[in-house]
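Undergrad: You'll find my_file.txt just under this line, and it carries compact mmCIF, C-alpha atoms.
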# COMPACT_ATOMS: atom_id res chain seq x y z
CA MET R 98 118.22 3.19 5.61
CA LYS R 99 114.60 4.03 4.88
CA ARG R 100 114.45 1.27 2.27
CA SER R 101 115.83 -1.35 4.68
CA LEU R 102 113.27 -0.39 7.29
CA LEU R 103 110.48 -0.84 4.76
CA SER R 104 111.86 -4.21 3.78
CA LEU R 105 112.06 -5.22 7.41
CA ALA R 106 108.45 -4.19 8.01
CA ALA R 107 107.32 -6.18 4.98
CA GLY R 108 109.23 -9.22 6.21
CA VAL R 109 107.55 -9.00 9.60
CA LEU R 110 104.11 -8.82 7.98
CA LEU R 111 104.87 -11.82 5.77
CA ALA R 112 106.09 -13.75 8.74
CA MET R 113 102.86 -13.02 10.63
CA PRO R 114 100.05 -13.57 8.09
CA GLY R 115 97.44 -13.37 10.82
CA LEU R 116 98.06 -9.66 10.98
CA LEU R 117 96.81 -9.26 7.40
CA GLN R 118 93.44 -10.83 8.20
CA ALA R 119 90.52 -8.55 8.95
CA ALA R 120 89.74 -8.11 12.58
CA PRO R 121 86.92 -10.39 13.62
CA LYS R 122 83.49 -8.75 13.61
CA THR R 123 81.79 -8.32 16.90
CA LYS R 124 78.70 -10.53 16.99
CA HIS R 125 75.45 -8.74 17.93
CA ALA R 126 72.14 -10.52 18.67
CA ALA R 127 69.73 -10.13 15.71
CA ALA R 128 66.86 -7.78 16.49
CA PRO R 129 63.59 -9.74 16.80
CA VAL R 130 61.20 -9.23 13.88
CA ALA R 131 57.98 -7.79 15.20
CA PRO R 132 54.98 -9.91 14.15
CA THR R 133 52.66 -8.29 11.65
CA PRO R 134 49.56 -7.16 13.52
CA PRO R 135 46.32 -8.78 12.32
CA GLN R 136 44.25 -6.94 9.74
CA GLU R 137 41.35 -5.49 11.73
CA ILE R 138 37.92 -5.62 10.11
CA VAL R 139 35.20 -3.56 11.79
CA LEU R 140 31.70 -5.05 11.71
CA ARG R 141 28.91 -2.65 12.68
CA HIS R 142 25.62 -4.05 13.97
CA ALA R 143 22.49 -3.16 15.92
CA LEU R 144 21.95 -6.53 17.63
CA SER R 145 21.13 -7.18 21.25
CA GLY R 146 20.25 -10.16 23.42
CA PRO R 147 20.73 -13.72 22.10
CA PRO R 148 21.57 -12.67 18.51
CA LEU R 149 24.41 -10.45 19.75
CA ASP R 150 25.71 -13.21 22.02
CA ALA R 151 25.63 -15.63 19.08
CA LEU R 152 27.47 -13.24 16.77
CA ALA R 153 30.12 -12.46 19.39
CA THR R 154 30.69 -16.18 19.91
CA LEU R 155 31.17 -16.77 16.18
CA VAL R 156 33.57 -13.83 15.94
CA VAL R 157 35.70 -15.26 18.76
CA ARG R 158 35.81 -18.63 16.98
CA PHE R 159 36.85 -17.01 13.72
CA ASN R 160 39.50 -14.82 15.35
CA ASP R 161 40.97 -17.86 17.10
CA ASN R 162 41.28 -19.62 13.75
CA GLU R 163 42.91 -16.56 12.19
CA ALA R 164 45.48 -16.34 14.98
CA LYS R 165 46.85 -19.72 13.87
CA LEU R 166 47.74 -18.43 10.39
CA LYS R 167 51.43 -17.84 9.67
CA SER R 168 50.77 -14.70 7.64
CA GLY R 169 47.93 -12.45 6.55
CA ALA R 170 45.86 -13.08 9.67
CA GLY R 171 42.84 -10.93 10.33
CA ARG R 172 40.58 -10.06 13.22
CA ILE R 173 36.89 -9.10 13.28
CA VAL R 174 36.02 -6.28 15.67
CA LEU R 175 32.36 -5.74 16.56
CA GLU R 176 31.03 -2.19 16.67
CA ASP R 177 27.63 -1.49 18.24
CA VAL R 178 25.93 1.30 16.31
CA GLN R 179 24.59 2.72 19.58
CA GLY R 180 28.12 3.66 20.59
CA VAL R 181 29.10 5.27 17.27
CA THR R 182 29.15 9.08 17.31
CA ASP R 183 30.23 9.54 13.68
CA ARG R 184 27.94 7.16 11.84
CA ALA R 185 29.01 8.50 8.45
CA ARG R 186 32.39 6.83 9.01
CA LEU R 187 31.83 3.56 7.23
CA PRO R 188 32.93 0.23 8.72
CA HIS R 189 34.32 -2.57 6.58
CA LEU R 190 31.26 -4.74 7.22
CA ALA R 191 27.76 -4.11 8.53
CA LEU R 192 24.94 -6.44 9.52
CA PHE R 193 21.72 -4.51 8.97
CA ASP R 194 18.37 -4.32 7.24
CA GLN R 195 18.38 -2.02 4.22
CA ASP R 196 15.38 -0.22 5.66
CA ASP R 197 17.58 0.83 8.60
CA ALA R 198 20.39 2.31 6.48
CA LEU R 199 19.75 5.92 7.54
CA ALA R 200 19.79 4.97 11.22
CA MET R 201 23.00 2.98 10.78
CA PHE R 202 24.98 5.43 8.65
CA GLY R 203 23.01 8.65 8.27
CA THR R 204 22.91 7.91 4.53
CA ARG R 205 22.54 5.02 2.09
CA PRO R 206 26.16 4.10 1.37
CA ARG R 207 27.66 2.27 -1.57
CA PHE R 208 28.52 -1.40 -1.13
CA LEU R 209 30.74 -4.00 -2.75
CA PRO R 210 28.94 -7.02 -4.25
CA LEU R 211 29.70 -10.09 -2.18
CA SER R 212 30.58 -12.14 -5.27
CA VAL R 213 33.35 -9.66 -6.13
CA VAL R 214 34.81 -9.77 -2.62
CA MET R 215 34.83 -13.58 -2.57
CA LYS R 216 36.61 -13.67 -5.92
CA THR R 217 39.27 -11.23 -4.74
CA GLY R 218 39.74 -13.25 -1.57
CA LYS R 219 40.08 -16.48 -3.57
CA GLN R 220 37.40 -18.25 -1.55
CA SER R 221 35.02 -20.67 -3.23
CA PHE R 222 31.49 -19.30 -3.35
CA ASP R 223 28.63 -21.09 -5.06
CA ALA R 224 25.45 -19.02 -5.22
CA LYS R 225 23.56 -22.17 -6.23
CA ALA R 226 24.17 -23.56 -2.75
CA PHE R 227 21.60 -21.14 -1.31
CA TYR R 228 17.87 -21.73 -1.12
CA PRO R 229 16.12 -20.01 -4.06
CA GLN R 230 14.06 -17.70 -1.85
CA VAL R 231 17.08 -16.76 0.26
CA PHE R 232 19.17 -16.00 -2.82
CA ASP R 233 16.31 -13.95 -4.26
CA ALA R 234 16.33 -11.72 -1.18
CA VAL R 235 19.86 -10.44 -1.86
CA ASP R 236 20.52 -10.67 -5.60
CA ASP R 237 20.68 -7.73 -8.00
CA LEU R 238 19.43 -7.28 -11.56
CA ALA R 239 22.56 -8.99 -12.88
CA GLY R 240 21.87 -12.08 -10.76
CA ARG R 241 24.80 -11.44 -8.41
CA MET R 242 24.59 -11.97 -4.67
CA VAL R 243 25.29 -8.54 -3.20
CA ALA R 244 25.22 -9.45 0.51
CA LEU R 245 25.20 -12.51 2.77
CA PRO R 246 21.59 -13.23 3.86
CA LEU R 247 22.62 -13.97 7.42
CA ALA R 248 19.57 -12.76 9.38
CA LEU R 249 16.43 -13.29 7.30
CA SER R 250 12.91 -14.02 8.50
CA VAL R 251 9.50 -14.78 7.02
CA PRO R 252 6.33 -12.95 8.05
CA VAL R 253 4.16 -14.77 10.58
CA LEU R 254 1.22 -14.16 12.90
CA PHE R 255 2.03 -14.14 16.63
CA TYR R 256 -0.80 -14.32 19.15
CA ASN R 257 -1.22 -14.30 22.90
CA LYS R 258 -2.82 -17.61 23.91
CA THR R 259 -4.13 -16.20 27.17
CA ALA R 260 -5.89 -13.41 25.27
CA PHE R 261 -7.48 -15.96 22.95
CA THR R 262 -8.76 -17.97 25.90
CA GLN R 263 -10.19 -14.84 27.54
CA ALA R 264 -12.03 -14.01 24.33
CA GLY R 265 -13.49 -17.50 23.96
CA LEU R 266 -11.18 -18.39 21.08
CA ASN R 267 -9.37 -21.71 20.75
CA PRO R 268 -5.69 -20.97 21.50
CA ASP R 269 -4.67 -24.05 19.53
CA THR R 270 -6.53 -22.98 16.38
CA PRO R 271 -5.11 -19.66 15.11
CA PRO R 272 -6.81 -17.79 12.27
CA LYS R 273 -5.73 -18.88 8.79
CA THR R 274 -7.45 -16.23 6.66
CA TRP R 275 -7.87 -12.49 7.05
CA TRP R 276 -11.61 -13.01 7.52
CA GLU R 277 -10.86 -15.26 10.48
CA VAL R 278 -8.48 -12.60 11.81
CA GLN R 279 -11.36 -10.12 11.61
CA GLU R 280 -13.60 -12.44 13.61
CA ALA R 281 -10.89 -13.02 16.23
CA ALA R 282 -10.16 -9.28 16.49
CA GLY R 283 -13.85 -8.57 17.10
CA LYS R 284 -14.05 -11.07 19.94
CA LEU R 285 -10.83 -9.76 21.46
CA ARG R 286 -12.20 -6.25 21.33
CA GLU R 287 -15.38 -7.37 23.06
CA ALA R 288 -13.24 -9.08 25.72
CA GLY R 289 -11.64 -5.72 26.55
CA TRP R 290 -8.49 -5.71 24.43
CA LYS R 291 -7.78 -2.18 23.22
CA CYS R 292 -5.25 -3.47 20.70
CA PRO R 293 -6.48 -6.73 19.17
CA LEU R 294 -3.97 -6.59 16.28
CA THR R 295 -0.88 -4.58 15.39
CA SER R 296 2.01 -5.04 12.96
CA SER R 297 5.69 -4.44 12.45
CA ARG R 298 7.46 -3.74 9.13
CA PHE R 299 4.16 -2.86 7.51
CA ALA R 300 5.26 -2.32 3.88
CA TRP R 301 7.08 -5.66 3.71
CA ILE R 302 4.33 -7.70 5.37
CA HIS R 303 1.11 -6.00 4.28
CA VAL R 304 2.08 -4.86 0.79
CA GLU R 305 4.89 -7.01 -0.63
CA ASN R 306 3.86 -10.30 0.96
CA ILE R 307 0.15 -9.82 0.36
CA ALA R 308 0.99 -9.40 -3.34
CA ALA R 309 3.30 -12.44 -3.37
CA GLN R 310 0.77 -14.70 -1.63
CA HIS R 311 -1.91 -13.91 -4.19
CA GLY R 312 0.10 -14.07 -7.39
CA GLU R 313 0.44 -10.33 -7.91
CA PRO R 314 3.82 -8.96 -9.08
CA ILE R 315 5.35 -6.08 -7.19
CA THR R 316 6.97 -4.74 -10.33
CA LEU R 317 5.93 -4.94 -13.99
CA LYS R 318 7.84 -4.34 -17.21
CA GLU R 319 6.83 -1.33 -19.26
CA GLY R 320 9.04 -1.35 -22.30
CA LYS R 321 12.60 -1.56 -21.04
CA GLN R 322 11.82 -0.25 -17.58
CA ASP R 323 10.12 -1.58 -14.46
CA ARG R 324 7.28 0.11 -12.67
CA LEU R 325 5.89 -0.53 -9.23
CA ALA R 326 2.62 -2.50 -9.38
CA ILE R 327 1.43 -2.55 -5.78
CA ASN R 328 -1.80 -0.67 -6.65
CA ASN R 329 -3.43 -3.93 -7.76
CA MET R 330 -6.85 -5.16 -6.64
CA VAL R 331 -5.59 -7.44 -3.87
CA ASN R 332 -3.43 -4.75 -2.25
CA VAL R 333 -6.17 -2.14 -2.49
CA LYS R 334 -8.67 -4.63 -1.03
CA HIS R 335 -6.33 -5.45 1.85
CA MET R 336 -5.57 -1.83 2.68
CA ALA R 337 -9.28 -1.01 2.61
CA LEU R 338 -9.98 -3.87 5.02
CA LEU R 339 -7.26 -2.73 7.43
CA THR R 340 -8.60 0.82 7.25
CA SER R 341 -12.02 -0.42 8.30
CA TRP R 342 -10.40 -2.38 11.13
CA GLN R 343 -8.58 0.72 12.30
CA LYS R 344 -11.88 2.60 12.51
CA SER R 345 -13.46 -0.31 14.39
CA LEU R 346 -10.44 -0.46 16.74
CA TYR R 347 -9.64 -3.99 15.61
CA PHE R 348 -6.25 -2.90 14.25
CA VAL R 349 -3.81 -0.42 15.76
CA TYR R 350 -1.02 0.95 13.56
CA SER R 351 2.19 1.14 15.60
CA GLY R 352 4.59 2.52 12.97
CA PRO R 353 6.43 1.50 9.81
CA GLY R 354 9.32 -0.28 11.55
CA ARG R 355 9.44 -2.70 14.45
CA GLU R 356 7.49 -0.53 16.88
CA GLY R 357 4.75 -3.16 17.16
CA ASP R 358 7.15 -5.79 18.52
CA GLU R 359 7.49 -4.12 21.91
CA ARG R 360 3.74 -3.49 22.26
CA PHE R 361 3.04 -7.15 21.65
CA ALA R 362 5.90 -8.34 23.88
CA GLN R 363 4.58 -6.20 26.74
CA GLY R 364 1.13 -7.76 26.40
CA GLU R 365 -0.53 -4.58 25.12
CA CYS R 366 -1.67 -6.16 21.85
CA ALA R 367 -3.19 -9.63 21.43
CA MET R 368 -1.95 -10.33 17.87
CA LEU R 369 1.05 -9.20 15.84
CA THR R 370 2.11 -9.70 12.26
CA GLY R 371 5.89 -9.66 12.44
CA GLU R 372 9.17 -11.41 11.67
CA SER R 373 9.58 -15.10 12.46
CA SER R 374 12.94 -14.46 14.17
CA LEU R 375 11.13 -12.54 16.91
CA TYR R 376 10.09 -15.94 18.27
CA ALA R 377 13.56 -16.44 19.79
CA LEU R 378 13.01 -13.35 21.96
CA LEU R 379 9.33 -13.84 22.73
CA LYS R 380 9.64 -17.45 23.83
CA ARG R 381 11.81 -16.30 26.75
CA LEU R 382 8.70 -14.59 28.18
CA GLN R 383 6.92 -17.90 28.66
CA PRO R 384 5.18 -19.24 30.71
CA GLU R 385 4.04 -15.78 31.86
CA PHE R 386 3.39 -15.02 28.20
CA PRO R 387 2.09 -18.17 26.44
CA LEU R 388 2.94 -17.60 22.81
CA GLY R 389 1.27 -18.83 19.67
CA VAL R 390 2.73 -18.52 16.19
CA ALA R 391 1.04 -19.25 12.87
CA ALA R 392 1.52 -18.68 9.16
CA LEU R 393 0.72 -15.26 7.73
CA PRO R 394 -3.03 -15.21 6.94
CA TYR R 395 -4.27 -14.97 3.35
CA TYR R 396 -7.46 -14.44 1.32
CA ASP R 397 -9.15 -17.73 0.49
CA ASP R 398 -11.51 -15.97 -1.92
CA VAL R 399 -8.69 -14.93 -4.30
CA TYR R 400 -8.18 -17.36 -7.16
CA GLY R 401 -4.75 -18.98 -7.27
CA ALA R 402 -3.71 -17.85 -3.79
CA LYS R 403 -0.52 -19.50 -2.52
CA PRO R 404 -0.42 -18.72 1.20
CA LYS R 405 3.02 -20.29 1.69
CA GLN R 406 4.61 -18.14 -1.01
CA VAL R 407 6.07 -15.47 1.23
CA LEU R 408 9.17 -13.33 0.76
CA PRO R 409 12.06 -13.74 3.21
CA ASP R 410 13.64 -10.47 4.25
CA GLY R 411 15.69 -8.91 7.01
CA ALA R 412 19.27 -8.10 7.83
CA ALA R 413 22.20 -9.16 5.65
CA LEU R 414 25.96 -8.79 5.94
CA TRP R 415 27.14 -6.02 3.59
CA VAL R 416 30.70 -5.13 2.55
CA LEU R 417 31.01 -1.34 2.65
CA ALA R 418 34.58 -0.08 2.99
CA ALA R 419 37.12 -2.71 1.97
CA ASP R 420 39.26 -1.15 -0.75
CA LYS R 421 42.49 -3.01 0.05
CA LYS R 422 43.15 -6.57 -1.05
CA PRO R 423 44.23 -7.82 2.43
CA GLN R 424 40.95 -6.52 3.87
CA ARG R 425 38.93 -8.35 1.25
CA GLN R 426 40.88 -11.54 1.85
CA VAL R 427 40.03 -11.52 5.56
CA ILE R 428 36.39 -10.72 4.81
CA ALA R 429 36.22 -13.53 2.27
CA ARG R 430 37.55 -15.99 4.84
CA PHE R 431 35.00 -14.73 7.38
CA ILE R 432 32.16 -15.22 4.88
CA ALA R 433 33.42 -18.74 4.12
CA PHE R 434 33.51 -19.43 7.87
CA LEU R 435 29.91 -18.26 8.31
CA MET R 436 28.86 -20.52 5.44
CA ARG R 437 30.01 -23.70 7.20
CA PRO R 438 26.98 -25.91 7.97
CA GLU R 439 27.91 -26.35 11.63
CA VAL R 440 28.36 -22.58 12.04
CA GLN R 441 25.00 -21.88 10.39
CA ARG R 442 23.40 -24.53 12.60
CA ASP R 443 24.66 -22.81 15.77
CA TRP R 444 23.65 -19.38 14.47
CA VAL R 445 20.11 -20.42 13.52
CA ARG R 446 19.49 -22.28 16.76
CA ALA R 447 20.59 -19.27 18.82
CA THR R 448 18.81 -16.56 16.83
CA GLY R 449 15.79 -18.03 15.04
CA PHE R 450 16.91 -16.63 11.68
CA LEU R 451 16.45 -18.69 8.53
CA PRO R 452 19.09 -21.19 7.44
CA MET R 453 20.72 -20.11 4.18
CA THR R 454 21.49 -23.45 2.57
CA PRO R 455 20.24 -27.07 2.47
CA ALA R 456 23.52 -28.08 4.13
CA ALA R 457 22.63 -25.89 7.10
CA MET R 458 19.14 -27.38 7.20
CA GLN R 459 20.61 -30.87 7.33
CA ALA R 460 22.87 -29.82 10.20
CA LEU R 461 19.77 -28.58 12.03
CA ARG R 462 18.00 -31.89 11.48
CA GLU R 463 20.96 -33.75 12.91
CA SER R 464 20.90 -31.47 15.95
CA GLY R 465 17.42 -32.73 16.87
CA LEU R 466 15.14 -29.79 16.03
CA SER R 467 11.50 -30.52 15.18
CA PRO R 468 11.34 -32.30 11.79
CA ALA R 469 7.87 -30.89 11.11
CA ILE R 470 8.97 -27.29 11.63
CA LEU R 471 12.09 -27.79 9.51
CA ALA R 472 10.10 -29.41 6.70
CA GLU R 473 7.66 -26.49 6.68
CA ALA R 474 10.50 -23.95 6.55
CA GLU R 475 12.32 -25.81 3.79
CA ALA R 476 9.16 -26.05 1.67
CA ARG R 477 8.92 -22.26 1.68
CA LEU R 478 12.59 -21.64 1.05
CA MET R 479 12.74 -24.11 -1.84
CA MET R 480 10.07 -22.27 -3.82
CA GLN R 481 11.59 -21.06 -7.06
CA LYS R 482 12.44 -17.40 -7.42
CA ARG R 483 9.83 -15.10 -8.92
CA ASP R 484 11.68 -12.24 -10.57
CA ALA R 485 8.68 -9.92 -10.47
CA ALA R 486 7.81 -10.73 -6.86
CA ARG R 487 10.05 -8.09 -5.31
CA THR R 488 12.20 -5.10 -6.06
CA LYS R 489 15.82 -6.19 -6.26
CA SER R 490 18.39 -5.65 -3.55
CA GLY R 491 20.22 -2.39 -3.23
CA PHE R 492 19.25 0.73 -1.42
CA GLY R 493 16.65 1.59 -4.06
CA LYS R 494 14.43 -1.00 -2.41
CA SER R 495 14.61 0.72 0.97
CA ARG R 496 13.80 4.08 -0.67
CA ILE R 497 10.70 2.58 -2.26
CA ARG R 498 9.60 1.14 1.09
CA ALA R 499 10.11 4.56 2.67
CA ILE R 500 7.77 6.04 0.05
CA LEU R 501 5.20 3.33 0.78
CA ASP R 502 5.40 4.05 4.49
CA GLU R 503 4.86 7.76 3.89
CA GLU R 504 1.85 7.24 1.65
CA ILE R 505 0.27 4.69 4.00
CA GLU R 506 0.57 7.22 6.85
CA TYR R 507 -1.89 9.37 4.86
CA VAL R 508 -4.34 6.46 4.93
CA TRP R 509 -4.17 6.12 8.70
CA GLY R 510 -4.61 9.86 9.03
CA ASN R 511 -7.73 9.68 6.87
CA GLN R 512 -6.09 12.04 4.35
CA LYS R 513 -6.09 9.62 1.40
CA PRO R 514 -8.11 6.52 0.50
CA PRO R 515 -6.05 3.33 0.05
CA LYS R 516 -6.17 3.35 -3.77
CA ALA R 517 -5.01 6.97 -4.01
CA ALA R 518 -2.13 6.32 -1.58
CA LEU R 519 -0.92 3.25 -3.50
CA ASP R 520 -1.25 5.09 -6.82
CA ALA R 521 0.86 7.93 -5.43
CA ALA R 522 3.51 5.45 -4.24
CA VAL R 523 3.70 3.95 -7.75
CA ALA R 524 4.18 7.41 -9.30
CA ARG R 525 6.80 8.48 -6.76
CA ALA R 526 8.78 5.24 -7.18
CA ALA R 527 9.11 5.63 -10.96
CA PRO R 528 12.27 7.82 -10.87
CA ILE R 529 13.93 5.35 -8.50
CA LEU R 530 13.15 2.25 -10.57
CA ALA R 531 14.18 3.86 -13.88
CA PRO R 532 17.96 4.00 -13.22
CA MET R 533 17.85 0.59 -11.53
CA THR R 534 16.58 -1.10 -14.70
CA ALA R 535 18.26 1.04 -17.37
CA LYS R 536 20.97 -0.76 -19.32
CA PRO R 537 24.47 0.79 -19.21
Since I need it in another form, could you write the structure as structure tokens?
TA:
Amino acid sequence: MKRSLLSLAAGVLLAMPGLLQAAPKTKHAAAPVAPTPPQEIVLRHALSGPPLDALATLVVRFNDNEAKLKSGAGRIVLEDVQGVTDRARLPHLALFDQDDALAMFGTRPRFLPLSVVMKTGKQSFDAKAFYPQVFDAVDDLAGRMVALPLALSVPVLFYNKTAFTQAGLNPDTPPKTWWEVQEAAGKLREAGWKCPLTSSRFAWIHVENIAAQHGEPITLKEGKQDRLAINNMVNVKHMALLTSWQKSLYFVYSGPGREGDERFAQGECAMLTGESSLYALLKRLQPEFPLGVAALPYYDDVYGAKPKQVLPDGAALWVLAADKKPQRQVIARFIAFLMRPEVQRDWVRATGFLPMTPAAMQALRESGLSPAILAEAEARLMMQKRDAARTKSGFGKSRIRAILDEEIEYVWGNQKPPKAALDAAVARAAPILAPMTAKP
């Protein structure tokens, strides 16, 4: 009986093959795949005014381009150093002058050479595309570009045209030599100006550039090592002249950084030796503040002087904390974006910083800027690099400038004569230069 029941059950199953098929699966809607969030890259800066507006605009343009990528998109996030409480926390990128490293980070952090980042990010990068003087401002001893020279300037002489007129000076004929500056400062003093001349970034302008203009190297080889050579005759002569001007109240020392900029902008001082990019800010004060700008003066009684041979310097874009490959890829694309001629053109026009490449200069010409001004700028930037003209990039350079600033303070305080102060700076810089030039 049991067997017949089993046989009957089997027959029923064979007669109804649909019963042997698996029950249909219930269909569920596939869960949506969440898009990968963009790789955020923090860029710390200390900009304000038109330069900040220009940078923010470029960042928006780049981020919009990145949003169109199917994968691996990134996003640049600006970080104002004024709002950072923990400055030791390093951002991925930073736009800053090496001399301002302590203010930006509380230390002098390590950085990744730009050439290495571009290689990791598989972005084409030709260092030969840069102007020689621009490249020289950010290369290391191995000839590698360590940062993007995005915000460089050359030293110039600014002057208040109204002050010149009041002092009986021709506002359309600025002084070309330091002796003419002395004459102008005397007349300004007689006309009632308590600050005929001041300066910003003193070590760069009045030590490094004075040496470069007059064929004096900043460093010299001694065996296998470099030594600082700023205690030469031209630099000692210049410091002695400025010391005499300080005593005569022709020159007022405002500080080692950019303290003189504000004094000049407020009309307190009649002349300023400062960075060319300051023009973009100062010109907004016209016509209440009629502005004159001229080349950095020089000594016409020094044999072989080349007054146009000045050293560009300023803020560059440094890669600080990008250990992961995706981060470097986004940064490399951002650098490539900033290198586009049309992007450089917009940046230079908005900020007054130097163009980095001949392609950018051509874009500026096509935009209608003064051909004469562009030709003058290009002539300076095209000058071939002089390896001994400056200490190489890296935070050793800012440490040496800090030493110079300290020693020069003794001069203004009448505690050391110029020669003794420069000699002391050379001696103090020796331990810094030694590891920079030692072979591994």
Undergrad: Kindly indicate which residue among R:Arg324, R:His311, R:Arg381, R:Lys405 lies nearest to Ala522 of chain R, using only C-alpha atoms for the distances.
TA: R:Arg324
Undergrad: Using Å and a single decimal, report how far atom CA of Leu254 of chain R sits from atom CA of Phe386 of chain R.
TA: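 Taking atom CA of Phe386 of chain R as the start and atom CA of Leu254 of chain R as the end point, the length is 15.5 Å.
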Undergrad: Between R:Asn267, R:Thr295, R:Gln179, R:Gln310, single out the one closest to Ser145 of chain R, counting all atoms listed in the file.
TA: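 The shortest atom-to-atom distance to Ser145 of chain R comes from R:Gln179.
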Undergrad: Given the choices R:Glu475, R:Glu439, R:Asp183, R:Asp410, which gets closest to Ala200 of chain R if the distance is worked out from all atoms listed in the file?
TA: R:Asp183
Undergrad: Using only C-alpha atoms, which of the listed residues (R:Pro293, R:Gly180, R:Pro272, R:Pro188) sits closest to Leu417 of chain R?
TA: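 Using only C-alpha atoms, the shortest distance to Leu417 of chain R belongs to R:Pro188.
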Undergrad: Ranking R:Leu378, R:Leu149, R:Met453, R:Leu285 by minimum distance to Ala362 of chain R and counting all atoms listed in the file, which one comes first?
TA: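 Among R:Leu378, R:Leu149, R:Met453, R:Leu285, it is R:Leu378 that comes nearest to Ala362 of chain R.
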Undergrad: Point out the residue among R:Pro252, R:Pro206, R:Gly389, R:Gly510 with the least atom-to-atom distance to Leu451 of chain R, counting all atoms listed in the file.
TA: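 So, comparing all the options, the nearest one is R:Pro252.
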Undergrad: Please list, as a list in words, the residues that have an atom at most 9 Å away from (52.1, -7.2, 8.1) in the coordinates of this file, counting only C-alpha atoms.
TA: Pro132, Thr133, Pro134, Pro135, Gln136, Ser168, Gly169 and Ala170 of chain R
Undergrad: Using all atoms listed in the file, which protein or nucleic acid residues come within 8 Å of Ala282 of chain R? Drop anything in the same chain fewer than 2 positions from it, and give the result as a tab-separated table (two decimals) with C-alpha atoms, keeping the file's coordinate frame.
TA:
chain	number	residue	atom	x	y	z
R	278	VAL	CA	-8.48	-12.60	11.81
R	279	GLN	CA	-11.36	-10.12	11.61
R	280	GLU	CA	-13.60	-12.44	13.61
R	284	LYS	CA	-14.05	-11.07	19.94
R	285	LEU	CA	-10.83	-9.76	21.46
R	286	ARG	CA	-12.20	-6.25	21.33
R	293	PRO	CA	-6.48	-6.73	19.17
R	294	LEU	CA	-3.97	-6.59	16.28
R	347	TYR	CA	-9.64	-3.99	15.61
R	348	PHE	CA	-6.25	-2.90	14.25
Undergrad: Mind giving me the straight-line distance from atom CA of Glu385 of chain R to atom CA of Leu471 of chain R in Å, one decimal?
TA: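 So the answer is 26.6 Å.
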Undergrad: Just the residues within 10 Å of segment 495-500 of chain R, please, counting all atoms listed in the file, with nothing from its chain fewer than 3 positions along; format it as a ChimeraX atom specification.
TA: /R:194-199,205,298-301,304-305,325,353,488,490-492,503-506,519,521-523,525-527,529-530
